[in-house]
$ cat final_7.cif   # mmCIF, C-alpha atoms
data_start
#
loop_
_atom_site.label_atom_id
_atom_site.label_comp_id
_atom_site.auth_asym_id
_atom_site.auth_seq_id
_atom_site.Cartn_x
_atom_site.Cartn_y
_atom_site.Cartn_z
CA MET M 1 -36.61 4.09 7.62
CA ASN M 2 -33.55 4.18 9.86
CA VAL M 3 -34.82 5.08 13.34
CA LEU M 4 -31.34 5.41 14.85
CA GLN M 5 -30.17 7.74 12.07
CA ASN M 6 -33.28 9.93 12.51
CA TYR M 7 -32.68 10.08 16.24
CA LEU M 8 -29.03 11.08 15.81
CA GLU M 9 -29.96 13.83 13.36
CA GLU M 10 -32.68 15.25 15.61
CA ARG M 11 -31.01 15.00 19.01
CA ASP M 12 -29.50 17.97 20.78
CA GLU M 13 -25.75 18.24 20.19
CA SER M 14 -25.16 19.24 23.82
CA PRO M 15 -27.56 17.10 25.87
CA GLN M 16 -28.30 17.64 29.53
CA PHE M 17 -26.79 14.77 31.47
CA PRO M 18 -27.81 13.67 34.95
CA ALA M 19 -25.34 14.39 37.74
CA LEU M 20 -22.46 11.95 38.05
CA ASN M 21 -22.74 9.53 40.93
CA ALA M 22 -19.86 8.02 42.88
CA ALA M 23 -19.76 4.86 40.77
CA ALA M 24 -19.49 6.90 37.55
CA GLU M 25 -16.69 9.00 39.04
CA VAL M 26 -14.81 5.84 40.04
CA ARG M 27 -15.23 4.41 36.52
CA LEU M 28 -13.87 7.62 34.98
CA THR M 29 -10.90 7.62 37.34
CA LYS M 30 -10.13 3.98 36.51
CA PHE M 31 -10.48 4.71 32.79
CA ASP M 32 -8.06 7.65 33.06
CA ALA M 33 -5.50 5.49 34.88
CA TRP M 34 -5.90 2.64 32.38
CA LEU M 35 -5.51 4.96 29.39
CA TYR M 36 -2.47 6.66 30.94
CA ASP M 37 -0.84 3.24 31.48
CA LYS M 38 -1.62 2.17 27.89
CA LEU M 39 -0.14 5.36 26.47
CA ALA M 40 2.94 5.09 28.69
CA SER M 41 3.57 1.44 27.83
CA LEU M 42 2.76 1.39 24.09
CA ILE M 43 4.30 4.64 22.89
CA ASP M 44 7.92 5.79 23.13
CA TRP M 45 7.94 9.16 24.89
CA THR M 46 11.70 9.79 24.88
CA TRP M 47 11.15 12.60 22.34
CA ALA M 48 9.15 14.53 24.98
CA GLY M 49 12.20 15.29 27.13
CA ASP M 50 12.56 14.96 30.89
CA GLU M 51 10.16 13.05 33.17
CA THR M 52 7.95 16.10 33.87
CA ALA M 53 7.55 16.84 30.17
CA LYS M 54 6.85 13.16 29.51
CA VAL M 55 4.06 13.05 32.11
CA ARG M 56 2.59 16.28 30.72
CA ARG M 57 2.62 14.92 27.14
CA ILE M 58 1.07 11.59 28.18
CA ASN M 59 -1.74 13.45 29.95
CA GLN M 60 -2.18 15.67 26.91
CA ALA M 61 -2.42 12.55 24.73
CA ARG M 62 -4.84 10.93 27.20
CA ASN M 63 -7.14 13.94 26.92
CA TYR M 64 -6.85 13.85 23.14
CA VAL M 65 -7.76 10.14 22.93
CA GLU M 66 -11.06 11.00 24.61
CA ARG M 67 -12.02 12.62 21.29
CA LEU M 68 -12.12 9.13 19.80
CA VAL M 69 -14.48 7.93 22.53
CA ILE M 70 -16.69 11.00 22.09
CA ALA M 71 -16.74 10.42 18.31
CA LEU M 72 -18.07 6.91 18.99
CA TRP M 73 -20.67 8.33 21.36
CA ARG M 74 -21.81 10.99 18.85
CA ARG M 75 -22.55 8.25 16.35
CA GLY M 76 -24.62 6.45 18.97
CA TRP M 77 -22.14 3.65 19.56
CA LEU M 78 -21.98 3.07 23.30
CA LEU M 79 -19.13 0.59 23.32
CA ASP M 80 -17.93 -0.31 26.77
CA GLY M 81 -15.44 -2.57 28.53
CA LYS M 82 -13.18 -4.74 26.39
CA THR M 83 -14.88 -3.70 23.15
CA LEU M 84 -14.15 -0.03 23.79
CA ALA M 85 -10.63 -0.85 24.96
CA ARG M 86 -9.95 -2.67 21.69
CA HIS M 87 -10.93 0.43 19.68
CA ILE M 88 -8.73 2.66 21.82
CA VAL M 89 -5.69 0.37 21.72
CA ALA M 90 -5.89 -0.22 17.94
CA PRO M 91 -4.82 3.31 16.85
CA LEU M 92 -2.31 3.52 19.71
CA GLN M 93 -0.73 0.24 18.59
CA CYS M 94 -0.61 1.54 15.02
CA ILE M 95 1.19 4.68 16.21
CA ALA M 96 3.60 2.59 18.29
CA ASP M 97 4.36 0.30 15.33
CA TYR M 98 5.17 3.23 13.04
CA GLN M 99 7.20 4.81 15.81
CA LYS M 100 9.30 1.64 16.13
CA LYS M 101 9.90 1.65 12.37
CA GLY M 102 11.14 5.24 12.67
CA THR M 103 8.73 6.59 10.09
CA ILE M 104 7.17 9.29 12.30
CA LYS M 105 9.09 12.53 11.94
CA ASN M 106 6.75 14.84 13.86
CA PHE M 107 4.94 12.85 16.54
CA TRP M 108 2.14 15.12 17.71
CA PRO M 109 0.50 15.92 14.33
CA TYR M 110 0.69 12.23 13.39
CA PHE M 111 -0.82 11.19 16.74
CA CYS M 112 -3.70 13.69 16.42
CA ALA M 113 -4.45 12.73 12.82
CA THR M 114 -4.49 9.01 13.64
CA ILE M 115 -6.85 9.49 16.59
CA ASP M 116 -9.14 11.86 14.67
CA ARG M 117 -9.43 9.58 11.62
CA TYR M 118 -9.92 6.28 13.42
CA VAL M 119 -13.71 6.36 13.83
CA GLY M 120 -14.35 7.65 10.31
CA VAL M 121 -12.02 5.16 8.64
CA ASN M 122 -13.41 2.21 10.60
CA SER M 123 -17.03 3.36 10.86
CA GLU M 124 -18.61 0.51 8.90
CA GLU M 125 -16.86 -2.18 10.91
CA ILE M 126 -17.65 -0.43 14.20
CA GLN M 127 -21.30 0.02 13.22
CA VAL M 128 -21.65 -3.66 12.36
CA GLU M 129 -19.98 -4.59 15.63
CA THR M 130 -22.23 -2.34 17.72
CA GLN M 131 -25.35 -3.64 16.02
CA ARG M 132 -24.16 -7.19 16.56
CA ILE M 133 -23.60 -6.72 20.28
CA GLY M 134 -26.69 -4.54 20.66
CA SER M 135 -25.07 -1.44 22.09
CA SER M 136 -26.33 1.32 19.83
CA ILE M 137 -28.43 4.04 21.41
CA GLY M 138 -31.58 2.85 19.67
CA GLN M 139 -31.20 -0.62 21.12
CA ILE M 140 -30.22 0.06 24.73
CA THR M 141 -32.39 3.04 25.58
CA GLY M 142 -36.12 3.27 25.47
CA LEU M 143 -36.23 5.08 22.12
CA LEU M 144 -38.67 2.60 20.70
CA GLY M 145 -40.41 2.06 24.04
CA LEU M 146 -39.27 -1.53 24.13
CA LYS M 147 -37.30 -1.53 27.37
CA ASP M 148 -35.92 0.70 30.08
CA ALA M 149 -32.56 2.41 29.87
CA PRO M 150 -29.69 0.55 31.53
CA LYS M 151 -28.90 1.38 35.15
CA GLU M 152 -25.19 1.95 34.52
CA ARG M 153 -24.34 4.40 31.77
CA ALA M 154 -21.72 3.47 29.20
CA LEU M 155 -18.24 4.93 29.51
CA PRO M 156 -18.48 7.00 26.28
CA GLU M 157 -21.52 8.76 27.69
CA LEU M 158 -19.68 9.53 30.94
CA ILE M 159 -16.68 10.87 29.02
CA ALA M 160 -18.96 13.00 26.83
CA GLN M 161 -20.59 14.40 29.95
CA ARG M 162 -17.23 15.23 31.50
CA ALA M 163 -16.08 16.92 28.28
CA GLN M 164 -19.28 18.99 28.19
CA GLU M 165 -18.80 20.07 31.82
CA VAL M 166 -15.18 21.07 31.14
CA ALA M 167 -16.23 23.03 28.04
CA LYS M 168 -18.93 24.85 30.01
CA ALA M 169 -16.45 25.70 32.77
CA HIS M 170 -13.98 27.11 30.21
CA GLU M 171 -16.78 28.97 28.44
CA SER M 172 -17.96 30.67 31.63
CA THR M 173 -14.40 31.59 32.53
CA LEU M 174 -13.89 33.03 29.05
CA ARG M 175 -17.16 34.97 29.34
CA GLU M 176 -16.04 36.38 32.68
CA LYS M 177 -12.69 37.44 31.19
CA GLN M 178 -14.41 39.06 28.21
CA ALA M 179 -16.83 40.90 30.49
CA ALA M 180 -13.93 42.15 32.61
CA LEU M 181 -12.11 43.32 29.47
CA ARG M 182 -15.20 45.18 28.28
CA ARG M 183 -15.62 46.82 31.70
CA ASN M 184 -11.95 47.83 31.74
CA ALA M 185 -12.20 49.16 28.18
CA ALA M 186 -15.31 51.15 29.08
CA VAL M 187 -13.58 52.62 32.15
CA ALA M 188 -10.50 53.47 30.11
CA ALA M 189 -12.64 55.10 27.41
CA GLU M 190 -14.46 57.14 30.04
CA ASP M 191 -11.15 58.23 31.58
CA ASP M 192 -9.86 59.23 28.12
CA ARG M 193 -13.02 61.21 27.45
CA GLN M 194 -12.75 63.05 30.76
CA ILE M 195 -9.07 63.84 30.19
CA SER M 196 -9.84 65.25 26.74
CA LEU M 197 -12.60 67.44 28.23
CA PHE M 198 -10.15 68.92 30.75
CA ASP M 199 -7.50 69.51 28.08
CA ALA M 200 -9.89 71.47 25.86
#
$ encode --input "final_7.cif" --output "C-alpha cells"
Amino acid sequence: MNVLQNYLEERDESPQFPALNAAAEVRLTKFDAWLYDKLASLIDWTWAGDETAKVRRINQARNYVERLVIALWRRGWLLDGKTLARHIVAPLQCIADYQKKGTIKNFWPYFCATIDRYVGVNSEEIQVETQRIGSSIGQITGLLGLKDAPKERALPELIAQRAQEVAKAHESTLREKQAALRRNAAVAAEDDRQISLFDA
C-alpha cells in the first residue's frame, strides 16, 4: 500500500494555505531574482527584440518555469535549495544548448514544451531522488503522525500558494466583469423592450 500515492489522490487540488509571512515573501523575491538571472544568462534573447521586449519575455518565461516547480509540488516532491535549482537549470540548459546549435526555429513553443515535459520525462529519477533525500510530502509532514511539519515551508509550496492566489484574483476579476456584462445586457434588453413598446 503506497501511503503517499493515496494521499496525493485524495488531497484537495486547491488547498488552503496559511498566510505568507515576511520570510516566505523574501524567499519568493529571491527566487524570482535568481530565476530571472538564470534565464537572462543561459538563454539568448536577441530574437525578442529591443531591451523592453527582452525583459518582458524573460519575465514571461520566469512565470512559465514556475509550472515546472508546481508540477513537482503536485506530485508531492518538495525539493528545495540546490536540488530544486538543479531541476530548474537542467531544462534551461538543454534549451540553451539547442539554441546555440541553431536547431530551434520557433523559440516559445519549444521552450513551453520543454518545461512542460520535464517533470513527466524525468519523474522516476526525481522520485528516487526525493525519496533518497527524504523530501516527499509523506516524509516531511505529519501524515503518518511520526513528526511535526517543518517550520519553514519548501519553495514549491510557496510558489503553488502564490499561483493559487493569482488565479483566485484573476477569477474574481473575471467574475466581476461577467456580472457587469450581464447587468449591462439586462439593462440594454430592458431599454430595447421599452422602445419596442413605445413604437407599437
$ atom_distance --input "final_7.cif" --atom1 "atom CA of Lys82 of chain M" --atom2 "atom CA of Leu28 of chain M"
15.1 Å
$ atom_distance --input "final_7.cif" --atom1 "atom CA of Ile88 of chain M" --atom2 "atom CA of Thr114 of chain M"
11.2 Å
$ atom_distance --input "final_7.cif" --atom1 "atom CA of Val121 of chain M" --atom2 "atom CA of Arg75 of chain M"
13.4 Å
$ resolve_selection --input "final_7.cif" --expression "the PyMOL selection byres ((chain M and resi 80) around 12)" --output "list in words"
Arg27, Phe31, Val69, Leu72, Trp73, Trp77, Leu78, Leu79, Gly81, Lys82, Thr83, Leu84, Ala85, Arg86, His87, Ile88, Thr130, Ile133, Gly134, Ser135, Ser136, Glu152, Arg153, Ala154, Leu155, Pro156, Glu157, Leu158 and Ile159 of chain M
$ closest_residue --input "final_7.cif" --among "M:Arg183, M:Arg132, M:Arg117, M:Arg175" --to "Ala71 of chain M" --atoms "all atoms listed in the file"
M:Arg117
$ resolve_selection --input "final_7.cif" --expression "the PyMOL selection byres ((chain M and resi 36) around 10)" --output "compact mmCIF listing (two decimals) with C-alpha atoms, in the frame of the given file"
# COMPACT_ATOMS: atom_id res chain seq x y z
CA LYS M 30 -10.13 3.98 36.51
CA PHE M 31 -10.48 4.71 32.79
CA ASP M 32 -8.06 7.65 33.06
CA ALA M 33 -5.50 5.49 34.88
CA TRP M 34 -5.90 2.64 32.38
CA LEU M 35 -5.51 4.96 29.39
CA ASP M 37 -0.84 3.24 31.48
CA LYS M 38 -1.62 2.17 27.89
CA LEU M 39 -0.14 5.36 26.47
CA ALA M 40 2.94 5.09 28.69
CA SER M 41 3.57 1.44 27.83
CA VAL M 55 4.06 13.05 32.11
CA ILE M 58 1.07 11.59 28.18
CA ASN M 59 -1.74 13.45 29.95
CA GLN M 60 -2.18 15.67 26.91
CA ALA M 61 -2.42 12.55 24.73
CA ARG M 62 -4.84 10.93 27.20
CA ASN M 63 -7.14 13.94 26.92
$ closest_residue --input "final_7.cif" --among "M:Ile70, M:Val128, M:Val65, M:Val166" --to "Ala113 of chain M" --atoms "only C-alpha atoms"
M:Val65
$ closest_residue --input "final_7.cif" --among "M:Arg162, M:Lys177, M:Lys54, M:Arg67" --to "Tyr118 of chain M" --atoms "all atoms listed in the file"
M:Arg67
$ axis_aligned_box --input "final_7.cif" --around "segment 62-73 of chain M" --padding-each-side "5 Å" --output "lines of an AutoDock Vina configuration file"
center_x = -12.8
center_y = 10.4
center_z = 22.8
size_x = 25.8
size_y = 17.0
size_z = 18.9
$ closest_residue --input "final_7.cif" --among "M:Ala24, M:Ala160, M:Ala53, M:Ala169" --to "Leu68 of chain M" --atoms "all atoms listed in the file"
M:Ala160
$ resolve_selection --input "final_7.cif" --expression "the PyMOL selection byres ((chain M and resi 107-109) around 10)" --output "list in words"
Trp45, Trp47, Ala48, Arg57, Ala61, Ile95, Gln99, Thr103, Ile104, Lys105, Asn106, Tyr110, Phe111, Cys112, Ala113 and Thr114 of chain M
$ closest_residue --input "final_7.cif" --among "M:Gln161, M:Gln178, M:Asn122, M:Thr173" --to "Glu66 of chain M" --atoms "only C-alpha atoms"
M:Gln161
$ closest_residue --input "final_7.cif" --among "M:Ala23, M:Ile126, M:Ile115, M:Ile43" --to "Gln93 of chain M" --atoms "all atoms listed in the file"
M:Ile43
$ decode --input "final_7.cif" --residues "segment 20-173 of chain M" --atoms "C-alpha atoms" --output "mmCIF file, in the first residue's frame"
data_model
loop_
_atom_site.group_PDB
_atom_site.id
_atom_site.type_symbol
_atom_site.label_atom_id
_atom_site.label_comp_id
_atom_site.auth_asym_id
_atom_site.auth_seq_id
_atom_site.Cartn_x
_atom_site.Cartn_y
_atom_site.Cartn_z
ATOM 1 C CA LEU M 20 2.620 34.158 3.791
ATOM 2 C CA ASN M 21 4.965 35.589 6.368
ATOM 3 C CA ALA M 22 7.800 38.025 5.726
ATOM 4 C CA ALA M 23 10.421 35.284 5.450
ATOM 5 C CA ALA M 24 8.371 33.454 2.797
ATOM 6 C CA GLU M 25 7.905 36.672 0.836
ATOM 7 C CA VAL M 26 11.657 37.322 0.937
ATOM 8 C CA ARG M 27 12.354 33.763 -0.270
ATOM 9 C CA LEU M 28 9.930 34.193 -3.175
ATOM 10 C CA THR M 29 11.504 37.521 -4.131
ATOM 11 C CA LYS M 30 14.996 35.981 -4.056
ATOM 12 C CA PHE M 31 13.779 33.014 -6.100
ATOM 13 C CA ASP M 32 12.257 35.333 -8.718
ATOM 14 C CA ALA M 33 15.515 37.304 -8.985
ATOM 15 C CA TRP M 34 17.601 34.110 -9.196
ATOM 16 C CA LEU M 35 15.377 32.616 -11.896
ATOM 17 C CA TYR M 36 15.384 35.870 -13.885
ATOM 18 C CA ASP M 37 19.202 35.929 -13.771
ATOM 19 C CA LYS M 38 19.417 32.269 -14.853
ATOM 20 C CA LEU M 39 17.075 32.856 -17.776
ATOM 21 C CA ALA M 40 18.921 36.024 -18.811
ATOM 22 C CA SER M 41 22.350 34.389 -18.646
ATOM 23 C CA LEU M 42 21.623 30.933 -20.103
ATOM 24 C CA ILE M 43 19.278 31.741 -22.970
ATOM 25 C CA ASP M 44 19.886 34.003 -25.964
ATOM 26 C CA TRP M 45 17.090 36.586 -26.046
ATOM 27 C CA THR M 46 18.187 38.536 -29.129
ATOM 28 C CA TRP M 47 15.167 37.130 -31.006
ATOM 29 C CA ALA M 48 12.853 39.006 -28.595
ATOM 30 C CA GLY M 49 13.757 42.443 -29.959
ATOM 31 C CA ASP M 50 14.633 45.584 -28.020
ATOM 32 C CA GLU M 51 15.522 45.696 -24.308
ATOM 33 C CA THR M 52 11.906 46.266 -23.172
ATOM 34 C CA ALA M 53 10.665 43.288 -25.165
ATOM 35 C CA LYS M 54 13.560 41.195 -23.865
ATOM 36 C CA VAL M 55 12.703 41.991 -20.227
ATOM 37 C CA ARG M 56 9.028 41.241 -20.884
ATOM 38 C CA ARG M 57 9.862 37.871 -22.496
ATOM 39 C CA ILE M 58 12.251 36.892 -19.680
ATOM 40 C CA ASN M 59 9.548 37.659 -17.114
ATOM 41 C CA GLN M 60 7.040 35.697 -19.174
ATOM 42 C CA ALA M 61 9.476 32.762 -19.241
ATOM 43 C CA ARG M 62 10.115 33.117 -15.496
ATOM 44 C CA ASN M 63 6.396 32.823 -14.829
ATOM 45 C CA TYR M 64 6.183 29.825 -17.144
ATOM 46 C CA VAL M 65 9.057 27.998 -15.405
ATOM 47 C CA GLU M 66 7.019 28.124 -12.205
ATOM 48 C CA ARG M 67 4.785 25.500 -13.839
ATOM 49 C CA LEU M 68 7.685 23.057 -13.509
ATOM 50 C CA VAL M 69 8.006 23.806 -9.790
ATOM 51 C CA ILE M 70 4.250 23.435 -9.301
ATOM 52 C CA ALA M 71 4.324 20.119 -11.204
ATOM 53 C CA LEU M 72 6.939 18.889 -8.715
ATOM 54 C CA TRP M 73 4.785 20.097 -5.826
ATOM 55 C CA ARG M 74 1.640 18.397 -7.194
ATOM 56 C CA ARG M 75 3.475 15.089 -7.178
ATOM 57 C CA GLY M 76 4.453 15.670 -3.558
ATOM 58 C CA TRP M 77 8.108 16.376 -4.252
ATOM 59 C CA LEU M 78 9.107 19.333 -2.101
ATOM 60 C CA LEU M 79 12.573 19.848 -3.495
ATOM 61 C CA ASP M 80 14.291 22.933 -2.201
ATOM 62 C CA GLY M 81 17.589 24.780 -2.423
ATOM 63 C CA LYS M 82 20.289 23.353 -4.678
ATOM 64 C CA THR M 83 18.253 20.255 -5.526
ATOM 65 C CA LEU M 84 15.376 22.339 -6.862
ATOM 66 C CA ALA M 85 17.796 24.667 -8.654
ATOM 67 C CA ARG M 86 19.360 21.698 -10.443
ATOM 68 C CA HIS M 87 15.942 20.619 -11.785
ATOM 69 C CA ILE M 88 15.169 24.141 -12.967
ATOM 70 C CA VAL M 89 18.535 24.720 -14.636
ATOM 71 C CA ALA M 90 18.555 21.325 -16.420
ATOM 72 C CA PRO M 91 15.770 22.103 -18.949
ATOM 73 C CA LEU M 92 17.005 25.690 -19.336
ATOM 74 C CA GLN M 93 20.496 24.409 -20.154
ATOM 75 C CA CYS M 94 19.003 21.971 -22.663
ATOM 76 C CA ILE M 95 17.135 24.832 -24.343
ATOM 77 C CA ALA M 96 20.291 26.961 -24.372
ATOM 78 C CA ASP M 97 22.333 24.123 -25.907
ATOM 79 C CA TYR M 98 19.835 23.598 -28.726
ATOM 80 C CA GLN M 99 19.631 27.345 -29.224
ATOM 81 C CA LYS M 100 23.420 27.529 -29.666
ATOM 82 C CA LYS M 101 23.255 24.726 -32.244
ATOM 83 C CA GLY M 102 20.643 26.747 -34.135
ATOM 84 C CA THR M 103 18.087 23.955 -34.160
ATOM 85 C CA ILE M 104 15.244 25.942 -32.556
ATOM 86 C CA LYS M 105 13.169 27.623 -35.244
ATOM 87 C CA ASN M 106 10.293 28.873 -33.094
ATOM 88 C CA PHE M 107 11.554 29.567 -29.575
ATOM 89 C CA TRP M 108 8.424 29.985 -27.483
ATOM 90 C CA PRO M 109 6.618 26.710 -28.366
ATOM 91 C CA TYR M 110 9.883 24.799 -27.897
ATOM 92 C CA PHE M 111 10.505 26.496 -24.540
ATOM 93 C CA CYS M 112 6.976 25.729 -23.278
ATOM 94 C CA ALA M 113 7.101 22.101 -24.428
ATOM 95 C CA THR M 114 10.484 21.526 -22.784
ATOM 96 C CA ILE M 115 9.341 22.997 -19.465
ATOM 97 C CA ASP M 116 6.003 21.151 -19.528
ATOM 98 C CA ARG M 117 7.571 17.761 -20.305
ATOM 99 C CA TYR M 118 10.490 17.908 -17.894
ATOM 100 C CA VAL M 119 8.786 16.510 -14.780
ATOM 101 C CA GLY M 120 6.970 13.754 -16.667
ATOM 102 C CA VAL M 121 10.027 12.635 -18.612
ATOM 103 C CA ASN M 122 12.258 12.620 -15.531
ATOM 104 C CA SER M 123 9.663 11.525 -12.970
ATOM 105 C CA GLU M 124 11.281 8.234 -11.974
ATOM 106 C CA GLU M 125 14.675 9.804 -11.349
ATOM 107 C CA ILE M 126 13.127 12.716 -9.433
ATOM 108 C CA GLN M 127 11.009 10.358 -7.325
ATOM 109 C CA VAL M 128 14.034 8.267 -6.395
ATOM 110 C CA GLU M 129 15.962 11.423 -5.554
ATOM 111 C CA THR M 130 13.197 12.835 -3.350
ATOM 112 C CA GLN M 131 12.789 9.553 -1.516
ATOM 113 C CA ARG M 132 16.534 9.367 -1.017
ATOM 114 C CA ILE M 133 16.769 12.843 0.498
ATOM 115 C CA GLY M 134 13.505 12.440 2.406
ATOM 116 C CA SER M 135 11.625 15.402 0.996
ATOM 117 C CA SER M 136 8.357 13.878 -0.170
ATOM 118 C CA ILE M 137 5.182 15.098 1.488
ATOM 119 C CA GLY M 138 4.659 11.806 3.293
ATOM 120 C CA GLN M 139 8.067 12.021 4.898
ATOM 121 C CA ILE M 140 8.304 15.664 5.955
ATOM 122 C CA THR M 141 4.785 16.346 7.173
ATOM 123 C CA GLY M 142 2.915 14.594 9.897
ATOM 124 C CA LEU M 143 0.890 12.397 7.541
ATOM 125 C CA LEU M 144 1.858 9.276 9.389
ATOM 126 C CA GLY M 145 1.938 11.025 12.762
ATOM 127 C CA LEU M 146 5.652 10.430 13.052
ATOM 128 C CA LYS M 147 6.881 14.007 13.368
ATOM 129 C CA ASP M 148 5.800 17.618 13.138
ATOM 130 C CA ALA M 149 5.738 19.578 9.906
ATOM 131 C CA PRO M 150 8.853 21.647 9.219
ATOM 132 C CA LYS M 151 8.863 25.264 10.384
ATOM 133 C CA GLU M 152 9.924 26.665 7.009
ATOM 134 C CA ARG M 153 7.811 25.624 4.054
ATOM 135 C CA ALA M 154 9.517 24.417 0.890
ATOM 136 C CA LEU M 155 9.791 26.780 -2.064
ATOM 137 C CA PRO M 156 7.488 24.709 -4.335
ATOM 138 C CA GLU M 157 4.729 25.038 -1.752
ATOM 139 C CA LEU M 158 5.221 28.819 -1.585
ATOM 140 C CA ILE M 159 5.141 29.080 -5.383
ATOM 141 C CA ALA M 160 1.989 26.936 -5.529
ATOM 142 C CA GLN M 161 0.373 29.201 -2.952
ATOM 143 C CA ARG M 162 1.285 32.313 -4.920
ATOM 144 C CA ALA M 163 -0.067 30.771 -8.133
ATOM 145 C CA GLN M 164 -3.331 29.893 -6.378
ATOM 146 C CA GLU M 165 -3.675 33.458 -5.043
ATOM 147 C CA VAL M 166 -3.044 34.913 -8.510
ATOM 148 C CA ALA M 167 -5.594 32.536 -10.060
ATOM 149 C CA LYS M 168 -8.193 33.499 -7.444
ATOM 150 C CA ALA M 169 -7.548 37.200 -8.068
ATOM 151 C CA HIS M 170 -7.993 36.719 -11.830
ATOM 152 C CA GLU M 171 -11.078 34.588 -11.262
ATOM 153 C CA SER M 172 -12.767 37.218 -9.098
ATOM 154 C CA THR M 173 -11.908 39.918 -11.610
#
